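To keep things clear, I will list the structure first and then write my remarks on it.
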Amino acid sequence: MKRLVILGAGTAGTMMANLMVKKLPKHEWELVIVDQNRTHYYQPGFLFLPFDIYQPEDVIKPINDFLPKRVKRIVAGIDRVEPKSNQVLLENGELITYDLLVIATGCNIAPEEVNGMMSDKWYKEVFDFYTYDGACALRKKLQTWEGGKLVIHITEMPIKCPVAPLEFAFLADAFFTEKGMRDKVDITFVTPLSGAFTKPVASKQLTYLLKEKNIKIVADFAIERVDSDNRKIHDYGGQEVDYDLLVTVPTNMGDPMVARSGFGNDLNYVPTDKCTLQSKVADNIFVIGDATDLPASKAGAVAHFEAEVMVENMMHFIEGKPMRFEFDGHSNCFIETGHGKALLIDFNYTHEPVEGSFPLGGFGPLKLLKETRMNHMGKLAFRWVYWNMLLKGVPIPFVPATMSHAGKDFSAIECD
C-alpha cells in the first residue's frame, strides 16, 4: 500500500485531499492529511469582520466537514520533513513515511520581524486583520474609536492577497462615511511598493481611487521600526508616519517547519517549479498555495488553479509519464472599493490586468477593472462558492485554471 501525505488542511490542502481521493485507487493508496488545527477559517472574510459586514460565525467551520471519509486525519504539529528518508516527523515524535508528499502549510504573519511592532500596544493601538484574532480585536476597536490618524501599512511583499490592504483602506473610507465621521478620520496608505499595487496597469487605477477617496499614499516605505510610545512608524531612509491607529500587514512567512526541514528560502517558502508545481527539493514532493515561492499571488483562487494543474502532474508522476501540464500564474480577485462596489482583476505571470468581461469574454456578466455593484455581489457570493465548491474540489463553471484570452489581445503564454 502506497501513501500520499498532505501537510496542511487549509484551503490548498483540503482541495488536494478532495481531488486526489477521486484519482487514487482505494486498494493501492492511503491518503493522510496532517494539521494541528481543528477549525477551518474562510480567510477572505477576515477583511469584512472589522466593519461588521461579516460576523465571526460566518468565517469558521470544522475542518472535518470538508474532508472525505477515506482520508486519515492526524491532528498534530509538524516538526520537519526528511526528504532523503521520505519521512515526516511530527512534534509528538511520531514518524510518518510517504511515497508522495504535498506541502500545503500556507503562510502566517510574523510581527516579531519588525522592531517594536509587537509591543504592549499590540491589539490596543496596533492591529492586523490577517488573522481571526486580529480581525476580531480590530472589530471591537472600531466600534468605539472616535477618529484620528488611521494608517494602513504593508511591511513587505509577498503577502496573502496583495489587494487586501487596499480593500481595507476603501472599506474604512466607506465605514466612517456611513457613520458620519469621515471628516474626523485621516487615512494614509503606506506601502513598500512604488505604487498602490504590484501590477502597473492595476496600480494606476487603484491610485486614482485612493485620491478620489481622499486617502493619502506613502510609497517606497521600507519600515525599520514601530515607535508605539510616540505612535510613529519609521523607515530605513529616515521617513516617519504618525498614527493614532495602525492597521498593519506584518511580514508573511511560510511555516517554521520548512526552516527546520532545511529547504526553505529566507521567508520559509519552498522552492517550487513555477509551471509544474513540483518542488525543487525532491521529485516526489509537490507544493501548493501560500507555501510556494512562486511569483504568483498568495490567494485561495490561485491555489484552486494550481490544484487543477498539480493533480494532473502528480498522476503523470505516479505513472512515470512526463509532466506536461503547466500553471501560468493565473490569478483573479475582487477588490472591494466601498459603498457596495468592487473591481475585478484577472492576470497571470506574463499578462497585466486589462479591461474586459469575465468569466465569458464579451458576455461577462462581470467587468474587469471597472467599479460595479455586480462585482461586489460576486465578492460576497464567493463565500458560498468557497464552502460548497472550491474546498470540495467541485469544478467551477467557465473559470479554467489557465487564464482565458477571450476578448483580450494577448500573445501566447510561455513558461521558462
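Residue names in the C-alpha cells use chain letters A, B, ... in the order shown, residue numbers from 1 in each chain, and ligand numbers from 1 in the order shown.
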Quiz item: Which residues come within 8 Å of A:Glu306, counting only C-alpha atoms, excluding same-chain residues fewer than 5 positions away, as a ChimeraX atom specification?
Solution: /A:277,288-289,327,401
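Remark: for A:Ser261, the closest of the candidate residues A:Ile335, A:Ala172, A:Val81, A:Ala219 is A:Val81 (distances computed over only C-alpha atoms).
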Practice problem: Taking the DSSP assignment computed from this structure's backbone, write out as a ChimeraX atom specification all residues of stretch 94-141 of chain A that belong to strand (DSSP E). | Solution: /A:95-97,100-103,107-109,126-127
Self-check item: For A:Asp244, the nearest of the candidates A:Gly320, A:Gly340, A:Gly262, A:Gly148, counting only C-alpha atoms
Solution: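 Checking each of A:Gly320, A:Gly340, A:Gly262, A:Gly148 against A:Asp244, counting only C-alpha atoms, the winner is A:Gly148.
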Quiz item: Which residues come within 8 Å of stretch 194-197 of chain A, counting only C-alpha atoms, excluding same-chain residues fewer than 3 positions away, as a ChimeraX atom specification?
Solution: /A:162-163,166,191,200,202-204,206-207,217,219-220
Those same residues - N, CA and C atoms - I'd like them written as a PDB file, in the first residue's frame.
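Output saved as again.pdb:
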```pdb
ATOM      1  N   PRO A 162      -2.565  40.282  -2.084  1.00  0.00           N
ATOM      2  CA  PRO A 162      -1.905  41.593  -2.119  1.00  0.00           C
ATOM      3  C   PRO A 162      -2.839  42.798  -2.168  1.00  0.00           C
ATOM      4  N   VAL A 163      -4.095  42.600  -2.605  1.00  0.00           N
ATOM      5  CA  VAL A 163      -5.010  43.743  -2.692  1.00  0.00           C
ATOM      6  C   VAL A 163      -5.758  43.993  -1.388  1.00  0.00           C
ATOM      7  N   LEU A 166      -5.431  47.392   0.389  1.00  0.00           N
ATOM      8  CA  LEU A 166      -6.147  48.442  -0.341  1.00  0.00           C
ATOM      9  C   LEU A 166      -7.645  48.347  -0.083  1.00  0.00           C
ATOM     10  N   THR A 191       3.024  51.834   1.830  1.00  0.00           N
ATOM     11  CA  THR A 191       3.415  50.614   1.132  1.00  0.00           C
ATOM     12  C   THR A 191       4.901  50.613   0.784  1.00  0.00           C
ATOM     13  N   PRO A 200       1.480  47.382 -12.726  1.00  0.00           N
ATOM     14  CA  PRO A 200       1.368  48.795 -13.095  1.00  0.00           C
ATOM     15  C   PRO A 200       0.004  49.238 -13.607  1.00  0.00           C
ATOM     16  N   ALA A 202      -3.053  47.925 -13.041  1.00  0.00           N
ATOM     17  CA  ALA A 202      -4.000  47.982 -11.930  1.00  0.00           C
ATOM     18  C   ALA A 202      -3.596  49.052 -10.930  1.00  0.00           C
ATOM     19  N   SER A 203      -2.306  49.242 -10.733  1.00  0.00           N
ATOM     20  CA  SER A 203      -1.821  50.241  -9.784  1.00  0.00           C
ATOM     21  C   SER A 203      -2.307  51.642 -10.155  1.00  0.00           C
ATOM     22  N   LYS A 204      -2.311  51.934 -11.456  1.00  0.00           N
ATOM     23  CA  LYS A 204      -2.761  53.259 -11.914  1.00  0.00           C
ATOM     24  C   LYS A 204      -4.223  53.479 -11.553  1.00  0.00           C
ATOM     25  N   LEU A 206      -5.974  51.895  -9.192  1.00  0.00           N
ATOM     26  CA  LEU A 206      -6.162  51.891  -7.748  1.00  0.00           C
ATOM     27  C   LEU A 206      -5.637  53.171  -7.109  1.00  0.00           C
ATOM     28  N   THR A 207      -4.554  53.728  -7.651  1.00  0.00           N
ATOM     29  CA  THR A 207      -4.027  55.001  -7.152  1.00  0.00           C
ATOM     30  C   THR A 207      -5.057  56.111  -7.374  1.00  0.00           C
ATOM     31  N   ILE A 217      -1.289  58.371   0.036  1.00  0.00           N
ATOM     32  CA  ILE A 217      -0.441  57.212  -0.179  1.00  0.00           C
ATOM     33  C   ILE A 217       1.011  57.602   0.063  1.00  0.00           C
ATOM     34  N   ALA A 219       4.532  55.857  -0.596  1.00  0.00           N
ATOM     35  CA  ALA A 219       5.136  54.729  -1.299  1.00  0.00           C
ATOM     36  C   ALA A 219       6.607  54.573  -0.932  1.00  0.00           C
ATOM     37  N   ASP A 220       7.183  53.455  -1.344  1.00  0.00           N
ATOM     38  CA  ASP A 220       8.610  53.165  -1.136  1.00  0.00           C
ATOM     39  C   ASP A 220       9.002  53.277   0.335  1.00  0.00           C
TER      40      ASP A 220
END
```
Quiz item: Which residue out of A:Tyr42, A:Met253, A:Phe127, A:Phe347 has the minimum interatomic distance to A:Val201 when only C-alpha atoms are used?
Solution: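 Nearest candidate to A:Val201 out of A:Tyr42, A:Met253, A:Phe127, A:Phe347: A:Phe347.
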Quiz item: Which polymer residues have any atom within 8 Å of an atom of A:Gly106, counting only C-alpha atoms, with same-chain residues fewer than 5 positions away left out, as a VMD selection string?
Solution: chain A and resid 8 10 254 to 255 289 to 291
Selected residues written out, N, CA and C atoms, as a compact mmCIF listing (two decimals), in the first residue's frame:
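And here's part-v3.txt as it stands now:
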```
# COMPACT_ATOMS: atom_id res chain seq x y z
N GLY A 8 -0.98 20.10 5.94
CA GLY A 8 -1.80 21.30 5.97
C GLY A 8 -3.21 21.02 5.49
N GLY A 10 -5.58 23.52 5.25
CA GLY A 10 -6.19 24.80 4.91
C GLY A 10 -6.84 24.70 3.54
N GLY A 254 6.43 31.56 5.55
CA GLY A 254 5.99 30.19 5.48
C GLY A 254 6.11 29.52 6.84
N ASP A 255 5.58 28.31 6.94
CA ASP A 255 5.56 27.59 8.21
C ASP A 255 6.97 27.33 8.73
N GLY A 289 -0.22 26.48 -3.10
CA GLY A 289 -0.75 27.57 -2.29
C GLY A 289 0.31 28.49 -1.74
N ASP A 290 0.05 29.02 -0.56
CA ASP A 290 0.92 30.03 0.03
C ASP A 290 2.28 29.49 0.43
N ALA A 291 2.45 28.16 0.47
CA ALA A 291 3.72 27.57 0.88
C ALA A 291 4.80 27.69 -0.20
```
Practice problem: Run DSSP on the backbone and grab whatever in stretch 104-269 of chain A lands in alpha helix (DSSP H); send it over as a PyMOL selection string. | Solution: chain A and resi 132-144+164-178+200-212+256-261
Writer output for current selection, C-alpha atoms, as a short mmCIF file (atom, residue, chain, number, x, y, z; two decimals), in the first residue's frame:
```
data_model
loop_
_atom_site.label_atom_id
_atom_site.label_comp_id
_atom_site.auth_asym_id
_atom_site.auth_seq_id
_atom_site.Cartn_x
_atom_site.Cartn_y
_atom_site.Cartn_z
CA TYR A 132 -9.01 35.72 13.03
CA ASP A 133 -7.93 37.07 16.42
CA GLY A 134 -6.57 40.26 14.88
CA ALA A 135 -9.68 40.93 12.79
CA CYS A 136 -11.97 40.35 15.80
CA ALA A 137 -9.86 42.62 18.04
CA LEU A 138 -9.90 45.36 15.39
CA ARG A 139 -13.66 44.95 15.02
CA LYS A 140 -14.08 45.67 18.72
CA LYS A 141 -11.73 48.67 18.49
CA LEU A 142 -13.57 50.28 15.57
CA GLN A 143 -16.89 50.07 17.38
CA THR A 144 -15.73 52.73 19.87
CA ALA A 164 -6.49 43.18 0.80
CA PRO A 165 -4.74 46.21 2.41
CA LEU A 166 -6.15 48.44 -0.34
CA GLU A 167 -9.58 46.94 0.19
CA PHE A 168 -9.27 47.71 3.89
CA ALA A 169 -8.50 51.36 3.08
CA PHE A 170 -11.50 51.62 0.75
CA LEU A 171 -13.84 49.90 3.21
CA ALA A 172 -12.59 52.11 6.04
CA ASP A 173 -13.45 55.18 3.96
CA ALA A 174 -16.97 53.85 3.40
CA PHE A 175 -17.36 52.70 7.02
CA PHE A 176 -16.51 56.09 8.53
CA THR A 177 -18.52 57.93 5.88
CA GLU A 178 -21.60 55.87 6.74
CA PRO A 200 1.37 48.80 -13.10
CA VAL A 201 -1.93 48.83 -15.00
CA ALA A 202 -4.00 47.98 -11.93
CA SER A 203 -1.82 50.24 -9.78
CA LYS A 204 -2.76 53.26 -11.91
CA GLN A 205 -6.48 52.57 -11.48
CA LEU A 206 -6.16 51.89 -7.75
CA THR A 207 -4.03 55.00 -7.15
CA TYR A 208 -6.78 57.06 -8.80
CA LEU A 209 -9.34 55.56 -6.40
CA LEU A 210 -7.17 56.39 -3.39
CA LYS A 211 -7.00 60.02 -4.47
CA GLU A 212 -10.73 60.12 -5.23
CA PRO A 256 8.51 27.22 10.63
CA MET A 257 8.64 23.50 9.80
CA VAL A 258 10.04 24.49 6.39
CA ALA A 259 13.04 26.15 8.06
CA ARG A 260 13.52 23.16 10.37
CA SER A 261 13.46 20.92 7.28
#
```
Self-check item: Spatial neighbours of A:Pro68, 9 Å, only C-alpha atoms, chain gap at least 6 places, as a list in words
Solution: Ala17, Asn18, Val21 and Lys392 of chain A
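With only C-alpha atoms as the atoms that count, the minimum distance from A:Val311 to the choices A:Ala222, A:Val5, A:Pro353, A:Phe325 is reached by A:Phe325.
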Quiz item: In Å, how far is it from atom CA of A:His304 to atom CA of A:His351?
Solution: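 Taking atom CA of A:His304 as the start and atom CA of A:His351 as the end point, the length is 19.0 Å.
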Quiz item: Which residue, A:Trp384, A:Phe263, A:Phe189, A:Phe363, has the smallest gap to A:Gly45 when you use only C-alpha atoms?
Solution: A:Trp384
Self-check item: Two-atom distance - atom CA of A:Val270, atom CA of A:Met323 (Å)
Solution: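 The value is 19.4 Å.
Distance annotation: of A:Ala303, A:Leu193, A:Val354, A:Met16, the residue with the minimal separation from A:Met157 is A:Leu193; atom set is only C-alpha atoms.
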Produce a table with one row for each residue of stretch 221-298 of chain A that has an atom at most 10 Å from any atom of stretch 116-122 of chain A, each row naming the nearest atom pair and its distance in Å at one decimal; use only C-alpha atoms; arrange rows by chain and rising residue number; format as a tab-separated table.
```
residue	atom	partner	partner_atom	distance
A:Glu224	CA	A:Gly116	CA	9.3
A:Arg225	CA	A:Gly116	CA	5.8
A:Val226	CA	A:Gly116	CA	4.8
A:Asp227	CA	A:Gly116	CA	6.2
A:Ser228	CA	A:Lys121	CA	6.6
A:Asp229	CA	A:Lys121	CA	8.5
A:Arg231	CA	A:Lys121	CA	9.7
A:Ile233	CA	A:Met117	CA	9.2
A:Leu246	CA	A:Trp122	CA	9.6
A:Thr248	CA	A:Met117	CA	9.0
A:Pro250	CA	A:Met117	CA	8.5
```
Quiz item: Neighbours of stretch 94-101 of chain A within 6 Å (only C-alpha atoms; same-chain residues fewer than 4 positions away dropped), as number ranges by chain?
Solution: A: 3-6, 86-90, 284-285
Quiz item: Got a sec: who's within 7 Å of A:Phe305, counting only C-alpha atoms, leaving out chain neighbours fewer than 3 positions off, as a list in words?
Solution: Ala301, Val302, Glu308, Val309, His330 and Ala401 of chain A
